[in-house]
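Source file: work12.txt (compact mmCIF, C-alpha atoms)
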```txt
# COMPACT_ATOMS: atom_id res chain seq x y z
CA MET A 1 -14.58 10.39 17.31
CA THR A 2 -12.39 10.38 20.36
CA THR A 3 -8.86 11.67 19.86
CA ALA A 4 -6.05 12.74 22.13
CA LEU A 5 -7.50 16.23 21.77
CA ASP A 6 -10.24 15.24 24.16
CA ALA A 7 -7.83 14.08 26.84
CA PRO A 8 -7.45 16.43 29.80
CA ARG A 9 -4.22 18.40 29.69
CA PRO A 10 -2.20 18.94 32.81
CA GLY A 11 -2.73 22.62 33.71
CA GLY A 12 -2.97 25.45 31.20
CA ARG A 13 -5.96 27.32 29.86
CA PRO A 14 -8.84 25.39 28.35
CA ARG A 15 -8.18 24.75 24.69
CA ASP A 16 -9.94 26.63 21.96
CA PRO A 17 -11.31 23.87 19.73
CA GLU A 18 -11.65 26.23 16.77
CA LEU A 19 -7.94 27.06 16.95
CA ASP A 20 -7.05 23.37 17.26
CA LEU A 21 -8.97 22.67 14.08
CA ARG A 22 -7.27 25.52 12.23
CA ILE A 23 -3.84 24.22 13.19
CA LEU A 24 -4.72 20.65 12.25
CA GLY A 25 -6.20 21.78 8.95
CA ALA A 26 -3.04 23.74 8.11
CA THR A 27 -0.96 20.68 8.99
CA LEU A 28 -2.97 18.50 6.63
CA GLN A 29 -2.64 20.96 3.77
CA LEU A 30 1.11 21.22 4.25
CA LEU A 31 1.49 17.49 4.62
CA ALA A 32 -0.30 16.99 1.31
CA ASP A 33 1.69 19.74 -0.43
CA GLU A 34 5.17 19.28 1.03
CA GLY A 35 5.25 15.82 2.57
CA TYR A 36 6.41 14.91 6.05
CA ASP A 37 10.04 15.89 5.53
CA GLY A 38 9.12 19.31 4.17
CA LEU A 39 6.69 20.21 6.94
CA THR A 40 7.82 22.63 9.66
CA ILE A 41 6.07 24.06 12.71
CA GLU A 42 6.83 27.55 11.38
CA ALA A 43 4.99 26.84 8.15
CA VAL A 44 2.04 25.32 10.01
CA ALA A 45 1.78 28.36 12.27
CA ALA A 46 1.97 30.74 9.30
CA ARG A 47 -0.66 28.82 7.32
CA ALA A 48 -2.96 28.70 10.36
CA GLY A 49 -2.42 32.38 11.12
CA VAL A 50 -1.17 31.75 14.67
CA GLY A 51 2.12 32.10 16.48
CA LYS A 52 4.54 29.17 16.81
CA ALA A 53 3.98 29.24 20.58
CA SER A 54 0.28 28.50 20.03
CA VAL A 55 1.23 25.35 18.17
CA TYR A 56 3.76 24.23 20.78
CA ARG A 57 1.27 24.83 23.61
CA ARG A 58 -0.98 22.27 21.98
CA PHE A 59 1.37 19.71 20.48
CA SER A 60 4.68 18.41 21.76
CA GLY A 61 6.22 18.62 18.31
CA LYS A 62 6.00 17.81 14.64
CA GLU A 63 5.34 14.10 15.08
CA GLU A 64 2.43 14.52 17.49
CA LEU A 65 1.01 17.30 15.35
CA VAL A 66 1.11 15.14 12.23
CA ILE A 67 -0.41 12.13 13.97
CA GLU A 68 -3.26 14.22 15.38
CA ALA A 69 -3.85 15.87 12.04
CA VAL A 70 -4.02 12.57 10.20
CA ALA A 71 -6.23 11.08 12.91
CA SER A 72 -8.62 13.99 12.42
CA LEU A 73 -9.05 12.92 8.79
CA THR A 74 -10.65 9.64 9.74
CA GLU A 75 -14.03 9.01 11.13
CA GLN A 76 -15.87 5.86 11.91
CA PRO A 77 -19.18 5.36 10.14
CA GLU A 78 -22.17 5.53 12.44
CA PRO A 79 -22.88 2.17 14.03
CA ARG A 80 -25.55 0.67 11.81
CA SER A 81 -27.64 -1.22 14.26
CA GLY A 82 -29.92 -3.52 12.36
CA ALA A 83 -27.79 -3.61 9.22
CA GLY A 84 -26.85 -7.10 8.13
CA VAL A 85 -23.27 -8.39 8.21
CA ARG A 86 -22.81 -8.10 4.46
CA ASP A 87 -24.08 -4.51 4.25
CA GLU A 88 -22.06 -3.40 7.24
CA LEU A 89 -18.86 -4.79 5.70
CA VAL A 90 -19.66 -2.94 2.47
CA THR A 91 -20.13 0.29 4.43
CA LEU A 92 -16.82 -0.14 6.26
CA LEU A 93 -14.92 -0.79 3.02
CA GLU A 94 -16.63 2.08 1.24
CA VAL A 95 -15.45 4.44 3.99
CA ILE A 96 -11.86 3.40 3.21
CA ARG A 97 -12.41 4.06 -0.49
CA ARG A 98 -13.94 7.48 0.05
CA LYS A 99 -11.17 8.53 2.42
CA SER A 100 -8.51 7.65 -0.13
CA ASP A 101 -10.56 9.15 -2.92
CA SER A 102 -10.63 12.61 -1.40
CA SER A 103 -7.55 14.32 -2.72
CA LEU A 104 -6.22 15.45 0.67
CA ALA A 105 -6.30 12.06 2.38
CA GLY A 106 -5.21 10.40 -0.84
CA LYS A 107 -2.08 12.53 -0.98
CA ILE A 108 -1.21 12.21 2.68
CA PHE A 109 -1.21 8.49 3.31
CA PRO A 110 1.44 7.59 0.71
CA ARG A 111 3.64 10.36 2.09
CA LEU A 112 3.28 8.91 5.55
CA LEU A 113 4.28 5.50 4.25
CA GLY A 114 7.28 7.06 2.57
CA ALA A 115 8.31 8.76 5.80
CA SER A 116 7.86 5.57 7.81
CA ALA A 117 11.26 4.26 6.70
CA GLU A 118 12.98 7.03 8.69
CA ASN A 119 10.27 7.35 11.27
CA PRO A 120 8.73 3.95 12.05
CA GLU A 121 7.25 5.39 15.26
CA LEU A 122 5.08 7.75 13.19
CA MET A 123 3.60 4.87 11.21
CA ARG A 124 3.22 2.72 14.33
CA ARG A 125 1.24 5.42 16.10
CA TYR A 126 -0.83 6.13 13.01
CA ARG A 127 -1.64 2.42 12.88
CA GLU A 128 -2.66 2.35 16.54
CA GLN A 129 -4.73 5.49 16.32
CA VAL A 130 -6.31 5.24 12.91
CA LEU A 131 -5.96 1.84 11.30
CA ASP A 132 -6.43 -0.48 14.28
CA PRO A 133 -9.79 0.95 15.46
CA ARG A 134 -11.08 0.64 11.90
CA ARG A 135 -9.80 -2.92 11.77
CA ARG A 136 -11.53 -3.81 15.04
CA ARG A 137 -14.83 -2.82 13.43
CA PHE A 138 -14.17 -5.33 10.65
CA LEU A 139 -13.30 -8.03 13.20
CA ASP A 140 -16.48 -7.34 15.18
CA VAL A 141 -18.70 -7.62 12.14
CA LEU A 142 -16.89 -10.75 10.95
CA GLN A 143 -17.43 -12.31 14.39
CA ARG A 144 -21.11 -11.52 14.00
CA GLY A 145 -20.89 -13.32 10.65
CA VAL A 146 -19.60 -16.40 12.48
CA ASP A 147 -22.36 -16.14 15.09
CA GLU A 148 -25.00 -15.92 12.38
CA GLY A 149 -23.59 -18.84 10.39
CA LEU A 150 -22.44 -16.78 7.38
CA VAL A 151 -18.75 -17.39 8.14
CA ARG A 152 -17.18 -20.76 8.97
CA PRO A 153 -16.18 -20.91 12.64
CA ASP A 154 -12.66 -22.12 11.75
CA VAL A 155 -11.91 -18.97 9.72
CA GLU A 156 -9.06 -16.88 11.13
CA LEU A 157 -10.75 -13.49 11.43
CA GLU A 158 -7.54 -11.44 11.21
CA HIS A 159 -6.83 -13.09 7.89
CA ALA A 160 -10.41 -12.54 6.74
CA ALA A 161 -10.03 -8.83 7.54
CA ASP A 162 -6.89 -8.73 5.36
CA LEU A 163 -8.79 -10.38 2.50
CA LEU A 164 -11.36 -7.57 2.68
CA ILE A 165 -9.19 -4.54 3.39
CA GLY A 166 -6.21 -5.62 1.27
CA PRO A 167 -7.77 -5.36 -2.20
CA MET A 168 -9.34 -1.99 -1.36
CA ALA A 169 -6.07 -0.60 0.03
CA TYR A 170 -4.22 -1.95 -3.01
CA ARG A 171 -6.65 -0.35 -5.47
CA ASN A 172 -6.57 2.94 -3.60
CA LEU A 173 -2.87 3.20 -3.04
CA ILE A 174 -0.99 1.27 -5.70
CA ARG A 175 -3.21 0.43 -8.66
CA ASN A 176 -5.19 3.64 -8.38
CA ASP A 177 -5.30 4.71 -12.00
CA PRO A 178 -8.22 4.84 -12.64
CA PRO A 179 -9.37 5.17 -9.02
CA PRO A 180 -11.80 2.49 -7.86
CA GLY A 181 -15.51 3.23 -8.15
CA PRO A 182 -18.28 2.83 -5.56
CA GLU A 183 -19.08 -0.67 -6.81
CA LEU A 184 -15.78 -2.10 -5.57
CA ALA A 185 -16.70 -2.47 -1.89
CA ALA A 186 -19.66 -4.75 -2.63
CA GLN A 187 -17.66 -6.78 -5.16
CA ILE A 188 -14.92 -7.49 -2.63
CA VAL A 189 -17.34 -8.30 0.20
CA ASP A 190 -19.46 -10.65 -1.91
CA ASP A 191 -16.40 -12.52 -3.17
CA VAL A 192 -14.78 -12.82 0.24
CA LEU A 193 -18.02 -13.94 1.92
CA LEU A 194 -18.24 -16.70 -0.70
CA ALA A 195 -14.75 -17.82 0.28
CA LEU A 196 -15.59 -17.78 4.00
CA ALA A 197 -19.04 -19.38 3.80
CA PRO A 198 -19.75 -22.74 5.41
CA LYS A 199 -19.44 -25.48 2.80
CA ASP A 200 -23.10 -26.37 2.99
CA ARG A 201 -24.30 -22.85 2.25
CA THR A 202 -22.58 -22.33 -1.11
CA MET B 1 14.83 -10.15 -17.36
CA THR B 2 14.59 -7.65 -20.18
CA THR B 3 15.04 -4.04 -19.15
CA ALA B 4 15.80 -0.81 -20.94
CA LEU B 5 19.44 -1.68 -20.27
CA ASP B 6 19.27 -4.23 -23.07
CA ALA B 7 17.95 -1.75 -25.60
CA PRO B 8 20.50 -0.59 -28.18
CA ARG B 9 21.81 2.87 -27.42
CA PRO B 10 22.30 5.41 -30.17
CA GLY B 11 26.08 5.68 -30.64
CA GLY B 12 28.62 5.55 -27.82
CA ARG B 13 30.86 2.77 -26.62
CA PRO B 14 29.37 -0.58 -25.72
CA ARG B 15 28.24 -0.56 -22.12
CA ASP B 16 30.15 -2.29 -19.39
CA PRO B 17 27.47 -4.40 -17.67
CA GLU B 18 29.54 -4.68 -14.50
CA LEU B 19 29.66 -0.89 -14.18
CA ASP B 20 25.91 -0.63 -14.83
CA LEU B 21 25.29 -3.04 -11.99
CA ARG B 22 27.57 -1.12 -9.64
CA ILE B 23 25.73 2.14 -10.38
CA LEU B 24 22.32 0.54 -9.99
CA GLY B 25 23.38 -1.13 -6.75
CA ALA B 26 24.61 2.19 -5.36
CA THR B 27 21.32 3.80 -6.38
CA LEU B 28 19.31 1.15 -4.53
CA GLN B 29 21.37 1.56 -1.37
CA LEU B 30 20.96 5.33 -1.42
CA LEU B 31 17.27 5.08 -2.21
CA ALA B 32 16.79 2.83 0.82
CA ASP B 33 18.93 5.03 3.08
CA GLU B 34 17.98 8.54 1.92
CA GLY B 35 14.71 8.19 0.02
CA TYR B 36 13.99 9.62 -3.42
CA ASP B 37 14.21 13.26 -2.40
CA GLY B 38 17.56 12.78 -0.72
CA LEU B 39 19.19 10.92 -3.62
CA THR B 40 21.64 12.79 -5.87
CA ILE B 41 23.67 11.71 -8.90
CA GLU B 42 26.79 12.90 -7.06
CA ALA B 43 26.12 10.57 -4.16
CA VAL B 44 25.39 7.66 -6.50
CA ALA B 45 28.63 8.22 -8.38
CA ALA B 46 30.61 8.46 -5.15
CA ARG B 47 29.03 5.31 -3.70
CA ALA B 48 29.67 3.41 -6.95
CA GLY B 49 33.25 4.72 -7.19
CA VAL B 50 32.76 6.25 -10.64
CA GLY B 51 32.65 9.77 -12.05
CA LYS B 52 29.37 11.65 -12.47
CA ALA B 53 29.91 11.58 -16.24
CA SER B 54 29.84 7.78 -16.18
CA VAL B 55 26.41 7.91 -14.64
CA TYR B 56 25.10 10.51 -17.08
CA ARG B 57 26.46 8.52 -20.06
CA ARG B 58 24.20 5.67 -19.00
CA PHE B 59 21.11 7.34 -17.59
CA SER B 60 19.34 10.50 -18.66
CA GLY B 61 18.89 11.63 -15.07
CA LYS B 62 17.78 10.77 -11.57
CA GLU B 63 14.33 9.56 -12.54
CA GLU B 64 15.52 7.08 -15.17
CA LEU B 65 18.28 5.92 -12.85
CA VAL B 66 15.84 5.24 -10.04
CA ILE B 67 13.38 3.44 -12.28
CA GLU B 68 16.10 1.21 -13.71
CA ALA B 69 17.49 0.51 -10.28
CA VAL B 70 14.12 -0.47 -8.89
CA ALA B 71 13.35 -2.54 -11.98
CA SER B 72 16.60 -4.43 -11.40
CA LEU B 73 15.28 -5.50 -7.99
CA THR B 74 12.48 -7.53 -9.49
CA GLU B 75 12.66 -10.79 -11.28
CA GLN B 76 9.99 -13.00 -12.70
CA PRO B 77 9.89 -16.51 -11.36
CA GLU B 78 10.86 -19.15 -13.90
CA PRO B 79 7.86 -20.21 -15.95
CA ARG B 80 6.66 -23.35 -14.21
CA SER B 81 5.45 -25.42 -17.11
CA GLY B 82 3.48 -28.29 -15.75
CA ALA B 83 2.63 -26.61 -12.43
CA GLY B 84 -1.06 -26.44 -11.70
CA VAL B 85 -2.98 -23.16 -11.57
CA ARG B 86 -3.15 -23.13 -7.77
CA ASP B 87 0.55 -23.78 -7.26
CA GLU B 88 1.57 -21.25 -9.87
CA LEU B 89 -0.54 -18.55 -8.20
CA VAL B 90 1.07 -19.41 -4.85
CA THR B 91 4.52 -19.07 -6.42
CA LEU B 92 3.68 -15.69 -7.95
CA LEU B 93 2.35 -14.35 -4.63
CA GLU B 94 5.28 -15.74 -2.69
CA VAL B 95 7.65 -13.83 -4.98
CA ILE B 96 5.89 -10.60 -3.97
CA ARG B 97 6.24 -11.49 -0.30
CA ARG B 98 9.92 -12.33 -0.55
CA LYS B 99 10.69 -9.12 -2.45
CA SER B 100 9.05 -7.02 0.24
CA ASP B 101 10.62 -9.14 2.92
CA SER B 102 14.17 -8.39 1.86
CA SER B 103 15.10 -5.26 3.71
CA LEU B 104 16.34 -3.33 0.66
CA ALA B 105 13.22 -3.75 -1.47
CA GLY B 106 11.05 -3.38 1.60
CA LYS B 107 12.55 0.02 2.34
CA ILE B 108 12.43 1.27 -1.22
CA PHE B 109 8.86 0.72 -2.31
CA PRO B 110 7.20 2.84 0.42
CA ARG B 111 9.64 5.62 -0.37
CA LEU B 112 8.67 5.45 -4.01
CA LEU B 113 5.00 5.67 -3.06
CA GLY B 114 5.77 8.67 -0.89
CA ALA B 115 7.59 10.37 -3.76
CA SER B 116 4.77 9.62 -6.20
CA ALA B 117 2.74 12.59 -4.91
CA GLU B 118 5.35 14.96 -6.35
CA ASN B 119 6.43 12.68 -9.12
CA PRO B 120 3.49 10.69 -10.50
CA GLU B 121 5.52 9.88 -13.63
CA LEU B 122 8.01 7.92 -11.51
CA MET B 123 5.26 5.73 -10.08
CA ARG B 124 3.56 5.39 -13.47
CA ARG B 125 6.75 4.11 -15.07
CA TYR B 126 7.50 1.86 -12.14
CA ARG B 127 4.05 0.39 -12.57
CA GLU B 128 4.55 -0.16 -16.31
CA GLN B 129 7.97 -1.65 -15.90
CA VAL B 130 7.68 -3.67 -12.72
CA LEU B 131 4.12 -4.11 -11.52
CA ASP B 132 2.25 -4.61 -14.79
CA PRO B 133 4.40 -7.49 -16.14
CA ARG B 134 3.97 -9.25 -12.80
CA ARG B 135 0.25 -8.64 -12.99
CA ARG B 136 0.03 -10.08 -16.50
CA ARG B 137 1.45 -13.31 -15.15
CA PHE B 138 -1.42 -13.45 -12.66
CA LEU B 139 -3.96 -12.75 -15.41
CA ASP B 140 -2.48 -15.49 -17.62
CA VAL B 141 -2.66 -18.09 -14.88
CA LEU B 142 -6.18 -16.99 -13.91
CA GLN B 143 -7.25 -17.37 -17.55
CA ARG B 144 -5.83 -20.88 -17.45
CA GLY B 145 -7.98 -21.39 -14.35
CA VAL B 146 -11.04 -20.44 -16.40
CA ASP B 147 -9.99 -22.77 -19.23
CA GLU B 148 -9.57 -25.64 -16.79
CA GLY B 149 -12.89 -25.02 -15.05
CA LEU B 150 -11.41 -23.91 -11.71
CA VAL B 151 -12.62 -20.33 -12.15
CA ARG B 152 -16.11 -19.28 -13.23
CA PRO B 153 -16.07 -17.87 -16.78
CA ASP B 154 -17.99 -14.75 -15.68
CA VAL B 155 -15.26 -13.73 -13.20
CA GLU B 156 -13.61 -10.40 -14.04
CA LEU B 157 -9.95 -11.43 -14.10
CA GLU B 158 -8.56 -7.97 -13.29
CA HIS B 159 -10.68 -7.97 -10.14
CA ALA B 160 -9.58 -11.52 -9.32
CA ALA B 161 -5.95 -10.40 -9.59
CA ASP B 162 -6.67 -7.59 -7.12
CA LEU B 163 -8.22 -10.09 -4.69
CA LEU B 164 -4.98 -12.09 -4.78
CA ILE B 165 -2.35 -9.34 -4.88
CA GLY B 166 -4.19 -6.89 -2.61
CA PRO B 167 -4.00 -8.80 0.68
CA MET B 168 -0.32 -9.64 0.10
CA ALA B 169 0.56 -6.04 -0.75
CA TYR B 170 -1.41 -4.85 2.28
CA ARG B 171 0.35 -7.26 4.66
CA ASN B 172 3.74 -6.37 3.22
CA LEU B 173 3.35 -2.64 3.09
CA ILE B 174 0.83 -1.46 5.67
CA ARG B 175 0.14 -4.16 8.25
CA ASN B 176 3.68 -5.50 8.16
CA ASP B 177 4.38 -5.85 11.87
CA PRO B 178 4.97 -8.76 12.20
CA PRO B 179 5.87 -9.37 8.56
CA PRO B 180 3.83 -12.08 6.84
CA GLY B 181 5.20 -15.61 6.83
CA PRO B 182 5.62 -18.06 3.95
CA GLU B 183 2.23 -19.62 4.65
CA LEU B 184 0.33 -16.49 3.59
CA ALA B 185 0.52 -16.99 -0.19
CA ALA B 186 -1.22 -20.37 -0.05
CA GLN B 187 -3.84 -19.08 2.40
CA ILE B 188 -4.79 -16.22 0.09
CA VAL B 189 -4.83 -18.37 -3.05
CA ASP B 190 -6.94 -21.10 -1.48
CA ASP B 191 -9.48 -18.59 -0.14
CA VAL B 192 -9.72 -16.63 -3.39
CA LEU B 193 -10.03 -19.78 -5.51
CA LEU B 194 -12.96 -20.81 -3.31
CA ALA B 195 -14.61 -17.46 -4.06
CA LEU B 196 -14.02 -17.83 -7.80
CA ALA B 197 -14.96 -21.48 -8.15
CA PRO B 198 -17.95 -22.56 -10.24
CA LYS B 199 -20.93 -23.04 -7.97
CA ASP B 200 -21.15 -26.78 -8.65
CA ARG B 201 -17.55 -27.40 -7.60
CA THR B 202 -17.69 -26.07 -4.07
```
Take the structure I supplied and represent it as structure tokens, if you would.
Amino acid sequence: MTTALDAPRPGGRPRDPELDLRILGATLQLLADEGYDGLTIEAVAARAGVGKASVYRRFSGKEELVIEAVASLTEQPEPRSGAGVRDELVTLLEVIRRKSDSSLAGKIFPRLLGASAENPELMRRYREQVLDPRRRRFLDVLQRGVDEGLVRPDVELEHAADLLIGPMAYRNLIRNDPPPGPELAAQIVDDVLLALAPKDRT
Amino acid sequence: MTTALDAPRPGGRPRDPELDLRILGATLQLLADEGYDGLTIEAVAARAGVGKASVYRRFSGKEELVIEAVASLTEQPEPRSGAGVRDELVTLLEVIRRKSDSSLAGKIFPRLLGASAENPELMRRYREQVLDPRRRRFLDVLQRGVDEGLVRPDVELEHAADLLIGPMAYRNLIRNDPPPGPELAAQIVDDVLLALAPKDRT
């Protein structure tokens, strides 16, 4: 995955990727334990076993640190060349479920949503960096569904993506007791593809 | 709407409903402005113009106060006897959109989700008191859809409710820029009913 960590920095020594990862890992742990409001650079530095200056050399402040840390949680599934539209959609949805299932990511995202009332910029950047790239994958595969005649050409693809992602996000975040099982992704995809199919194929 | 406010209290003077409403209103404002962590009984009492004792006479503590306040935000739509299954589902979904659209409710729910990591009981009770009754309405109407032959009898109704509520919750809470418009409820319902329809009706 490409993150801002890979971007060239103006001047300074080359970054130590191992140290970056330690700082980001400490940030994630503290975010899960304390929430956004409770997180401080001091605590991150202490948890990572580095000085505060090491954190500030790498990140402009708490907001950038948190965004980078959360971005490091996500990863795109490998491009599945050759996989059919239906199976690729199932894979993409299952990635969302597994991310929310893991206790760290599962604890962090609601806290970020809670903090977004005071800090809309945090949520906006998280959306740009994490959610939108994931969404573009859905849109690409749905467009392939149109090209292959599985999806009606008049379907609004942004809306179709909401029909797929929405139920999974809802089950992960709001109605998550009990947490959804691995069968959910295929259930959602099969139902939504039925709704989007050309009339003469159903 | 029936809430715990209507339940008989053991002993004590009869409650002054106007004062209850003032305290709950102050709680909602503070919840939206400060979040759950930042809310105190002192601040609620001051905002409502009452003494702390007046608050404690009515509510056992911060958690009950917050749950009651949030429950007071929600209202069930009038039962639409005579409305068809499709239109009733649209009405139920549109209520969810309008609740999240109003700035007060829209600010409060993400904060509650954020607080649920530390306070799962708060979210659990909110679910029982606010989300589950709403969900039962969806399940009732979906069952009517089965009875009337609009929905396949083998459809799992809990899953069908997730397919309807999920995209609306997602658009309200996560991908809410720009906020969804009044056309969304009907779009979701029409798509999901296509997915759930008996094969010979499509």
Within 7 Å of Ala69 of chain B using only C-alpha atoms, minus same-chain residues under 3 positions, as number ranges by chain | B: 24, 27-28, 65-66, 72-73
Interatomic distance, atom CA of Val130 of chain A to atom CA of Ala71 of chain A (Å, one decimal) = 5.8 Å
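For the choices A:Leu131, A:Leu139, A:Leu163, A:Leu173, the atom-to-atom distance to Ala185 of chain B is smallest for A:Leu163 when using all atoms listed in the file.
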Residues at most 9 Å from segment 104-120 of chain A, counting only C-alpha atoms, excluding those fewer than 4 positions away in the same chain, as a VMD selection string?
-> (chain A and resid 28 to 29 31 to 33 35 to 37 70 73 to 74 99 to 100 124 to 126 172 to 173) or (chain B and resid 32 to 35 107 to 117 173 to 174)
Which one is closest to chain A: B:Glu148, B:Leu142, B:Asp132, B:Ile41? Count all atoms listed in the file.
-> B:Asp132
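Distance check against chain A using all atoms listed in the file: of B:Gly25, B:Pro178, B:Gly145, B:Gly51, the minimum falls on B:Pro178.
Taking atom CA of Glu64 of chain B and atom CA of Gly38 of chain A as the two end points, the separation is 23.8 Å.
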Residues at most 12 Å from Asp140 of chain A, counting only C-alpha atoms, excluding those fewer than 2 positions away in the same chain, as a VMD selection string?
-> chain A and resid 79 85 88 to 89 92 133 to 138 142 to 147 157 to 158 160 to 161
Contacts of Asp162 of chain A at 9 Å (all atoms listed in the file; same-chain gap of 3+ positions) as a PyMOL selection string = (chain A and resi 157-159+165-167) or (chain B and resi 166-168+170-171+175)
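Using only C-alpha atoms, the shortest contact distance between chain B and any of A:Ile67, A:Leu93, A:Val189, A:Ala169 is found at A:Ala169.
Going from atom CA of Ala46 of chain B over to atom CA of Leu21 of chain B, you cover 14.4 Å.
Considering the residues A:Val155, A:Val141, A:Ile23, A:Leu193 and counting only C-alpha atoms, Gly82 of chain A has its shortest atom-to-atom contact with A:Val141.
Each of B:Leu164, B:Leu39, B:Val151, B:Val95 was compared to Val192 of chain A using all atoms listed in the file, and B:Leu164 turns out to be the nearest.
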Using all atoms of segment 14-26 of chain B listed in the file and a margin of 5 Å per side, can you give the axis-aligned box centre and edge lengths in Å to one decimal, as JSON?
```
{"center_x": 26.2, "center_y": -1.2, "center_z": -15.5, "size_x": 17.8, "size_y": 16.9, "size_z": 30.4}
```
